[in-house]
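Text of the file input21.cif, holding mmCIF, C-alpha atoms:
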```cif
data_final
#
loop_
_atom_site.label_atom_id
_atom_site.label_comp_id
_atom_site.auth_asym_id
_atom_site.auth_seq_id
_atom_site.Cartn_x
_atom_site.Cartn_y
_atom_site.Cartn_z
CA PHE C 1 3.54 24.00 10.15
CA GLY C 2 2.97 20.34 9.43
CA LYS C 3 5.27 17.91 7.68
CA GLY C 4 6.47 19.15 4.32
CA GLY C 5 5.80 22.76 5.33
CA THR C 6 2.01 22.48 5.24
CA ARG C 7 0.34 24.84 7.70
CA ILE C 8 -1.76 23.25 10.43
CA HIS C 9 -4.82 25.26 11.52
CA HIS C 10 -5.95 24.09 14.94
CA MET C 11 -9.20 24.59 16.83
CA ASP C 12 -10.17 23.09 20.17
CA CYS C 13 -13.36 21.34 19.08
CA THR C 14 -13.78 19.46 22.36
CA LYS C 15 -15.08 22.62 24.08
CA SER C 16 -17.84 23.31 21.56
CA SER C 17 -21.45 22.19 21.92
CA ASP C 18 -21.93 22.21 18.14
CA PRO C 19 -21.74 18.59 16.89
CA ARG C 20 -20.56 19.81 13.49
CA THR C 21 -17.17 20.63 15.02
CA TYR C 22 -16.43 16.89 15.12
CA PHE C 23 -15.82 17.25 11.40
CA SER C 24 -14.73 20.90 11.33
CA VAL C 25 -12.33 21.53 8.49
CA THR C 26 -10.66 24.22 10.59
CA THR C 27 -8.61 21.33 11.99
CA TYR C 28 -6.02 20.08 9.52
CA SER C 29 -3.09 17.70 9.66
CA PHE C 30 -1.50 16.74 6.35
CA PHE C 31 1.02 13.94 5.90
CA LYS C 32 2.48 12.38 2.76
CA MET C 33 2.18 8.86 4.19
CA ALA C 34 -0.69 8.79 6.63
CA ASP C 35 -1.20 6.78 9.76
CA ALA C 36 -4.51 5.00 10.07
CA MET C 37 -7.03 3.90 12.68
CA SER C 38 -7.67 0.35 13.79
CA VAL C 39 -11.17 -1.13 13.66
CA GLU C 40 -11.31 -0.87 17.47
CA GLU C 41 -10.34 2.82 17.40
CA THR C 42 -12.92 3.53 14.71
CA LYS C 43 -15.63 1.81 16.77
CA ALA C 44 -14.69 3.79 19.88
CA PHE C 45 -14.74 7.08 17.96
CA TYR C 46 -18.23 6.56 16.53
CA ASP C 47 -19.63 5.03 19.72
CA GLY C 48 -18.57 8.22 21.49
CA MET C 49 -20.21 10.64 19.08
CA ALA C 50 -23.12 8.68 17.59
CA LYS C 51 -25.89 10.89 18.97
CA ASP C 52 -24.05 14.08 18.05
CA TYR C 53 -23.51 12.79 14.53
CA GLU C 54 -27.19 11.91 14.27
CA GLY C 55 -28.06 15.48 15.24
CA MET C 56 -25.54 16.89 12.79
CA VAL C 57 -26.99 15.19 9.70
CA LYS C 58 -30.67 14.99 10.69
CA GLU C 59 -31.58 18.25 8.93
CA ASP C 60 -30.07 16.99 5.67
CA TRP C 61 -32.56 14.10 5.64
CA LYS C 62 -35.76 15.99 6.48
CA LYS C 63 -36.27 16.71 2.79
CA ASP C 64 -36.26 14.24 -0.08
CA PRO C 65 -32.54 13.33 -0.34
CA VAL C 66 -32.78 13.09 -4.12
CA ASP C 67 -33.62 16.82 -4.13
CA SER C 68 -31.08 17.86 -1.48
CA LYS C 69 -27.67 19.32 -2.20
CA GLU C 70 -26.05 17.14 0.47
CA ASN C 71 -27.33 13.74 -0.66
CA ARG C 72 -28.51 14.06 -4.25
CA THR C 73 -25.34 12.72 -5.89
CA ILE C 74 -25.11 9.55 -3.82
CA CYS C 75 -28.86 8.85 -4.05
CA LEU C 76 -28.77 9.13 -7.83
CA ALA C 77 -25.79 6.73 -7.87
CA ILE C 78 -27.80 4.21 -5.82
CA ILE C 79 -30.78 4.52 -8.15
CA LYS C 80 -28.55 4.01 -11.19
CA ALA C 81 -26.94 0.93 -9.60
CA LEU C 82 -30.37 -0.55 -8.87
CA GLU C 83 -31.45 0.06 -12.45
CA LEU C 84 -28.26 -1.53 -13.83
CA THR C 85 -28.48 -4.61 -11.61
CA LYS C 86 -32.16 -5.03 -12.43
CA GLY C 87 -31.33 -4.81 -16.13
CA SER C 88 -28.72 -7.55 -15.79
CA GLY C 89 -31.05 -9.78 -13.77
CA VAL C 90 -29.12 -9.57 -10.49
CA VAL C 91 -31.14 -10.13 -7.30
CA GLY C 92 -30.15 -10.35 -3.66
CA SER C 93 -29.43 -8.12 -0.71
CA VAL C 94 -28.77 -4.38 -0.79
CA VAL C 95 -26.21 -3.62 1.91
CA ASP C 96 -25.45 -0.25 3.50
CA VAL C 97 -21.97 -0.69 4.98
CA GLY C 98 -21.32 1.97 7.59
CA CYS C 99 -25.02 2.70 7.89
CA GLY C 100 -24.56 5.06 10.84
CA PRO C 101 -27.84 6.14 12.50
CA GLY C 102 -29.83 4.74 9.59
CA PHE C 103 -30.94 7.71 7.50
CA MET C 104 -29.98 6.06 4.20
CA LEU C 105 -31.59 2.79 5.28
CA HIS C 106 -34.79 4.66 6.15
CA TRP C 107 -34.83 6.25 2.68
CA LEU C 108 -34.23 2.89 1.00
CA ILE C 109 -37.00 1.16 2.97
CA ASN C 110 -39.59 3.94 2.83
CA SER C 111 -38.96 5.40 -0.62
CA ILE C 112 -37.11 2.95 -2.86
CA CYS C 113 -38.85 -0.21 -1.63
CA ILE C 114 -42.25 1.44 -2.11
CA SER C 115 -41.22 1.66 -5.76
CA GLY C 116 -40.17 -1.98 -5.59
CA SER C 117 -41.81 -2.83 -8.88
CA SER C 118 -39.50 -0.31 -10.53
CA TYR C 119 -36.28 -1.56 -8.96
CA ASN C 120 -37.19 -5.15 -8.08
CA ILE C 121 -36.34 -4.62 -4.41
CA SER C 122 -38.23 -5.27 -1.17
CA LYS C 123 -37.73 -4.31 2.47
CA GLU C 124 -36.45 -7.80 3.21
CA ASP C 125 -33.52 -7.18 0.82
CA ILE C 126 -32.17 -4.22 2.84
CA ILE C 127 -29.32 -4.83 5.30
CA GLY C 128 -27.44 -2.30 7.43
CA ILE C 129 -23.99 -2.82 8.98
CA ASP C 130 -21.92 -0.55 11.18
CA VAL C 131 -18.87 -1.07 13.36
CA SER C 132 -20.42 1.12 16.08
CA THR C 133 -22.86 -0.47 18.53
CA GLU C 134 -24.30 2.96 19.32
CA MET C 135 -24.90 3.75 15.64
CA VAL C 136 -26.63 0.40 15.13
CA GLU C 137 -28.95 1.07 18.08
CA LEU C 138 -29.94 4.43 16.57
CA ALA C 139 -30.50 2.84 13.15
CA ARG C 140 -32.69 0.09 14.62
CA LYS C 141 -34.87 2.70 16.31
CA ARG C 142 -35.23 4.64 13.05
CA CYS C 143 -35.85 1.81 10.61
CA ASP C 144 -38.60 -0.78 10.31
CA THR C 145 -36.23 -3.73 9.99
CA SER C 146 -34.28 -6.04 12.26
CA ALA C 147 -31.58 -6.62 9.64
CA ILE C 148 -29.12 -4.09 11.06
CA TYR C 149 -25.96 -5.55 12.53
CA VAL C 150 -22.73 -4.61 14.27
CA GLY C 151 -19.96 -5.76 11.97
CA ASN C 152 -16.62 -5.12 10.30
CA MET C 153 -16.74 -4.04 6.65
CA GLN C 154 -13.51 -5.96 6.03
CA GLN C 155 -15.30 -9.25 6.89
CA LEU C 156 -18.83 -9.06 5.49
CA SER C 157 -19.61 -12.71 4.85
CA GLY C 158 -21.20 -14.21 7.94
CA ILE C 159 -22.81 -11.00 9.18
CA GLY C 160 -26.55 -11.62 9.46
CA THR C 161 -27.67 -13.45 6.32
CA LEU C 162 -24.69 -12.36 4.22
CA VAL C 163 -22.68 -15.10 2.54
CA ASP C 164 -20.40 -15.09 -0.49
CA GLY C 165 -22.29 -14.26 -3.66
CA SER C 166 -25.47 -13.13 -1.88
CA SER C 167 -25.58 -9.39 -2.61
CA ARG C 168 -26.84 -7.33 -5.50
CA LEU C 169 -25.55 -3.97 -4.28
CA ILE C 170 -23.09 -2.92 -1.57
CA MET C 171 -22.87 0.74 -0.60
CA ASN C 172 -19.77 1.96 1.21
CA MET C 173 -20.16 5.70 1.68
CA THR C 174 -17.30 7.68 3.26
CA CYS C 175 -16.16 4.79 5.44
CA ILE C 176 -12.70 3.91 4.13
CA GLN C 177 -11.17 7.22 5.29
CA HIS C 178 -9.99 5.72 8.59
CA TYR C 179 -7.95 2.91 7.02
CA ASN C 180 -4.65 2.63 5.21
CA LYS C 181 -4.27 1.06 1.77
CA GLN C 182 -4.24 -2.48 3.13
CA GLY C 183 -7.47 -1.81 5.00
CA VAL C 184 -9.06 -0.41 1.84
CA ILE C 185 -7.94 -3.45 -0.15
CA GLU C 186 -9.44 -5.79 2.47
CA THR C 187 -12.70 -3.78 2.34
CA ILE C 188 -12.91 -4.10 -1.44
CA ILE C 189 -12.12 -7.84 -1.34
CA ALA C 190 -14.85 -8.41 1.27
CA ALA C 191 -17.36 -6.57 -0.94
CA LYS C 192 -16.26 -8.48 -4.04
CA ASN C 193 -16.70 -11.82 -2.30
CA THR C 194 -20.19 -10.93 -1.06
CA LEU C 195 -21.42 -9.58 -4.41
CA GLN C 196 -23.02 -11.69 -7.10
CA ILE C 197 -21.66 -11.61 -10.65
CA ASN C 198 -22.69 -8.26 -12.19
CA GLY C 199 -23.41 -6.90 -8.70
CA ILE C 200 -22.23 -3.38 -7.94
CA LEU C 201 -20.12 -1.80 -5.21
CA ILE C 202 -20.70 1.92 -4.67
CA LEU C 203 -17.56 3.37 -3.10
CA GLN C 204 -17.67 6.99 -1.91
CA PHE C 205 -14.55 8.49 -0.35
CA TRP C 206 -13.00 11.83 0.52
CA SER C 207 -10.71 12.61 -2.37
CA GLY C 208 -7.36 14.34 -2.66
CA ASP C 209 -5.03 15.23 -5.51
CA LEU C 210 -2.06 13.00 -4.69
CA ASP C 211 -1.59 9.28 -5.24
CA GLU C 212 -0.90 8.77 -1.54
CA PRO C 213 -3.39 9.07 1.33
CA MET C 214 -3.53 12.38 3.17
CA THR C 215 -5.08 13.11 6.54
CA ASP C 216 -7.68 15.75 7.33
CA SER C 217 -8.59 14.80 10.83
CA PRO C 218 -11.01 15.94 13.52
CA PRO C 219 -9.93 15.50 17.14
CA ASN C 220 -9.43 11.90 18.29
CA ALA C 221 -9.59 10.47 14.78
CA ILE C 222 -7.69 10.14 11.52
CA PHE C 223 -9.35 10.85 8.18
CA LEU C 224 -7.55 9.89 4.99
CA LYS C 225 -8.09 11.33 1.55
CA TYR C 226 -7.43 9.04 -1.41
CA SER C 227 -7.03 10.09 -5.01
CA PRO C 228 -9.43 8.36 -7.42
CA ASN C 229 -6.41 7.03 -9.33
CA THR C 230 -5.10 5.31 -6.21
CA ILE C 231 -8.39 3.45 -5.71
CA LYS C 232 -8.69 2.58 -9.41
CA ASN C 233 -5.12 1.25 -9.43
CA MET C 234 -6.04 -1.05 -6.54
CA LEU C 235 -9.02 -2.32 -8.52
CA CYS C 236 -6.98 -2.93 -11.66
CA HIS C 237 -3.69 -4.24 -10.32
CA HIS C 238 -4.09 -5.91 -6.94
CA VAL C 239 -4.00 -9.67 -7.47
CA ASP C 240 -6.58 -10.45 -4.77
CA ILE C 241 -9.16 -7.99 -6.09
CA GLY C 242 -9.48 -8.58 -9.83
CA ASN C 243 -12.73 -9.00 -11.76
CA PHE C 244 -13.91 -5.46 -11.00
CA GLN C 245 -14.48 -2.61 -13.44
CA VAL C 246 -15.38 1.03 -12.79
CA ILE C 247 -18.51 1.81 -14.79
CA GLU C 248 -19.10 5.36 -13.57
CA GLU C 249 -17.22 8.06 -11.67
CA SER C 250 -18.68 11.25 -10.19
CA MET C 251 -17.51 13.94 -7.78
CA GLY C 252 -19.10 16.31 -5.30
CA ASN C 253 -18.45 18.62 -2.38
CA TYR C 254 -19.95 18.22 1.10
CA GLU C 255 -20.31 21.33 3.26
CA PHE C 256 -20.18 20.25 6.90
CA ALA C 257 -20.84 23.66 8.42
CA PRO C 258 -22.05 27.00 7.00
CA GLY C 259 -19.24 29.35 6.06
CA GLU C 260 -16.55 26.67 6.02
CA PRO C 261 -14.98 25.10 2.95
CA GLY C 262 -16.46 21.74 2.07
CA MET C 263 -14.66 18.47 1.46
CA GLU C 264 -14.49 16.97 -2.01
CA TYR C 265 -15.57 13.37 -2.48
CA THR C 266 -15.53 10.84 -5.30
CA ILE C 267 -18.16 8.17 -6.02
CA LEU C 268 -17.21 5.08 -8.03
CA LEU C 269 -19.73 2.55 -9.36
CA ILE C 270 -17.77 -0.69 -9.56
CA GLN C 271 -19.19 -3.83 -11.16
CA LYS C 272 -18.10 -7.39 -10.39
CA LEU C 273 -17.33 -9.33 -13.57
CA ALA C 274 -17.50 -13.05 -14.17
#
```
Same coordinates, now as structure tokens:
Amino acid sequence: FGKGGTRIHHMDCTKSSDPRTYFSVTTYSFFKMADAMSVEETKAFYDGMAKDYEGMVKEDWKKDPVDSKENRTICLAIIKALELTKGSGVVGSVVDVGCGPGFMLHWLINSICISGSSYNISKEDIIGIDVSTEMVELARKRCDTSAIYVGNMQQLSGIGTLVDGSSRLIMNMTCIQHYNKQGVIETIIAAKNTLQINGILILQFWSGDLDEPMTDSPPNAIFLKYSPNTIKNMLCHHVDIGNFQVIEESMGNYEFAPGEPGMEYTILLIQKLA
């Protein structure tokens, strides 16, 4: 049993050849107040399993992600954010923070940018950032762009061409789960600083029921679940964030492996106000 009497189910994932076991939800560890990973530990974790992760999610991206169960919700959120920012006259970079092996970047460049007249976006506007050198190398091989950089999502300004007030849309999809509340706050502040007025941050995170982070961790890593209320309270009440409003909230469930329970996630569309 874990702390507070919660049962811990354990599985030795290091002996399996199936890359999906990196995220197997047969391994649980729940804590009321969770530890967190450093940026260096996060980089080492993803450097070590970048190719396995690429293999794990590759099938999900062989079909149109807008029509796929795995990616439909987040892709529709991106399309809505592009429509909203176009309607308010916002231009600038579209940044995929935690771009991984580049599947989302590839979709943006090869599908959304082809419809550039609809969304007022071109290939030159797309930027990818990941803390993992190995992930960035995979993304550069996959995508027809050189604007993919190794960087820390808590310090966006200064990466590539990014400066304060230069971005129209920042996407942060299931990246904050390794960091404690202070790390999440720093991530949101970095996005706010880089966004233009009326720009949008898309924040997707593994969600739990409590107002404190909880861990649900594969081997050699810590994953935290945040309740939507916890994140929204940060947006509303932290003095260094400010000037942000949630304009849409949606939820979904991601099934990592057949026959296993999925993990619930929340997507917030957050707009920077004047």
Can you check which parts of range 20-131 of chain C lie within 8 Å of range 168-180 of chain C? Per residue, the shortest pair of atoms and distance in Å to one decimal, counting only C-alpha atoms, sorted by chain and number, as a tab-separated table.
```
residue	atom	partner	partner_atom	distance
C:Ala34	CA	C:Asn180	CA	7.5
C:Asp35	CA	C:Asn180	CA	7.1
C:Ala36	CA	C:Tyr179	CA	5.1
C:Met37	CA	C:His178	CA	5.4
C:Ser38	CA	C:Tyr179	CA	7.2
C:Thr42	CA	C:His178	CA	7.1
C:Ile78	CA	C:Met171	CA	8.0
C:Ala81	CA	C:Leu169	CA	7.4
C:Leu82	CA	C:Leu169	CA	7.5
C:Thr85	CA	C:Arg168	CA	6.9
C:Val90	CA	C:Arg168	CA	5.9
C:Val91	CA	C:Arg168	CA	5.4
C:Gly92	CA	C:Arg168	CA	4.8
C:Ser93	CA	C:Arg168	CA	5.5
C:Val94	CA	C:Leu169	CA	4.8
C:Val95	CA	C:Ile170	CA	4.7
C:Asp96	CA	C:Met171	CA	4.9
C:Val97	CA	C:Asn172	CA	5.1
C:Gly98	CA	C:Cys175	CA	6.3
```
Export, as a CSV table (one decimal), keeping the file's coordinate frame, the selected residues with C-alpha atoms.
```csv
chain,number,residue,atom,x,y,z
C,34,ALA,CA,-0.7,8.8,6.6
C,35,ASP,CA,-1.2,6.8,9.8
C,36,ALA,CA,-4.5,5.0,10.1
C,37,MET,CA,-7.0,3.9,12.7
C,38,SER,CA,-7.7,0.4,13.8
C,42,THR,CA,-12.9,3.5,14.7
C,78,ILE,CA,-27.8,4.2,-5.8
C,81,ALA,CA,-26.9,0.9,-9.6
C,82,LEU,CA,-30.4,-0.6,-8.9
C,85,THR,CA,-28.5,-4.6,-11.6
C,90,VAL,CA,-29.1,-9.6,-10.5
C,91,VAL,CA,-31.1,-10.1,-7.3
C,92,GLY,CA,-30.2,-10.4,-3.7
C,93,SER,CA,-29.4,-8.1,-0.7
C,94,VAL,CA,-28.8,-4.4,-0.8
C,95,VAL,CA,-26.2,-3.6,1.9
C,96,ASP,CA,-25.4,-0.2,3.5
C,97,VAL,CA,-22.0,-0.7,5.0
C,98,GLY,CA,-21.3,2.0,7.6
```
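One distance worth recording is that between CA of Gln182 in chain C and CA of Gln196 in chain C, which is 23.3 Å.
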Could you list, with a cut-off of 10 Å and counting all atoms listed in the file, the residues of range 84-109 of chain C near range 57-69 of chain C, each shown with its nearest atom pair and the distance in Å rounded to one decimal, rows sorted by chain and ascending number, as JSON lines?
```
{"residue": "C:Pro101", "atom": "CA", "partner": "C:Lys58", "partner_atom": "CA", "distance": 9.5}
{"residue": "C:Phe103", "atom": "CA", "partner": "C:Trp61", "partner_atom": "CA", "distance": 6.8}
{"residue": "C:Met104", "atom": "CA", "partner": "C:Trp61", "partner_atom": "CA", "distance": 8.6}
{"residue": "C:His106", "atom": "CA", "partner": "C:Trp61", "partner_atom": "CA", "distance": 9.7}
{"residue": "C:Trp107", "atom": "CA", "partner": "C:Pro65", "partner_atom": "CA", "distance": 8.0}
```
inquiry  = If the PyMOL selection byres ((chain C and resi 248) around 7) were run on this exact file, what residues would it hold? Put them as an NGL selection string.
reply    = :C and (246-247 or 249-250 or 268-269)
task = List, as a list in words, every residue that the PyMOL selection byres ((chain C and resi 184-192) around 6) selects in the file provided.
result =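 Against this file, the PyMOL selection byres ((chain C and resi 184-192) around 6) returns the residues Met153, Gln154, Gln155, Leu156, Lys181, Gln182, Gly183, Asn193, Thr194, Leu195 and Ile241 of chain C.
Taking CA of Thr145 in chain C and CA of Glu54 in chain C as endpoints, the distance between them is 18.6 Å.
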message = Selection in question (the file shown): the PyMOL selection byres ((chain C and resi 126) around 8). Which residues does it include, as a ChimeraX atom specification?
response = /C:93-96,105,108-109,122-125,127-128,147
message = Measuring between only C-alpha atoms, which one of C:Ala50, C:Val239, C:Val39, C:Ile79 shows the shortest distance to Ile202 in chain C?
response = C:Ile79
ask   = Expressed in Å to a single decimal, how great is the separation between CA of Phe244 in chain C and CA of Gln271 in chain C?
value =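 Taking CA of Phe244 in chain C and CA of Gln271 in chain C, their separation equals 5.5 Å.
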request  = Pick out the closest residue to Met251 in chain C from this set: C:Gln204, C:Asn152, C:Asn110, C:Ser118. Count only C-alpha atoms.
outcome  = C:Gln204
ask   = Hey, which of C:Ala221, C:Leu138, C:Cys99, C:Ile74 ends up closest to Tyr254 in chain C? Count only C-alpha atoms.
value =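 Result for the nearest residue to Tyr254 in chain C: C:Ile74.
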task = Find the residue from C:Tyr46, C:Tyr53, C:Trp206, C:Tyr119 that sits nearest to Ile267 in chain C; use only C-alpha atoms when measuring.
result = C:Trp206
remark   = Min atom-atom distance to Gly102 in chain C from the set C:Val136, C:Glu40, C:Arg72, C:Lys86, counting all atoms listed in the file, belongs to C:Val136
Of the listed residues C:Ser111, C:Thr266, C:Gln245, C:Thr133, that which approaches Ile197 in chain C most closely, counting all atoms listed in the file =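 Answer, going by the shortest atom-to-atom distance: C:Gln245.
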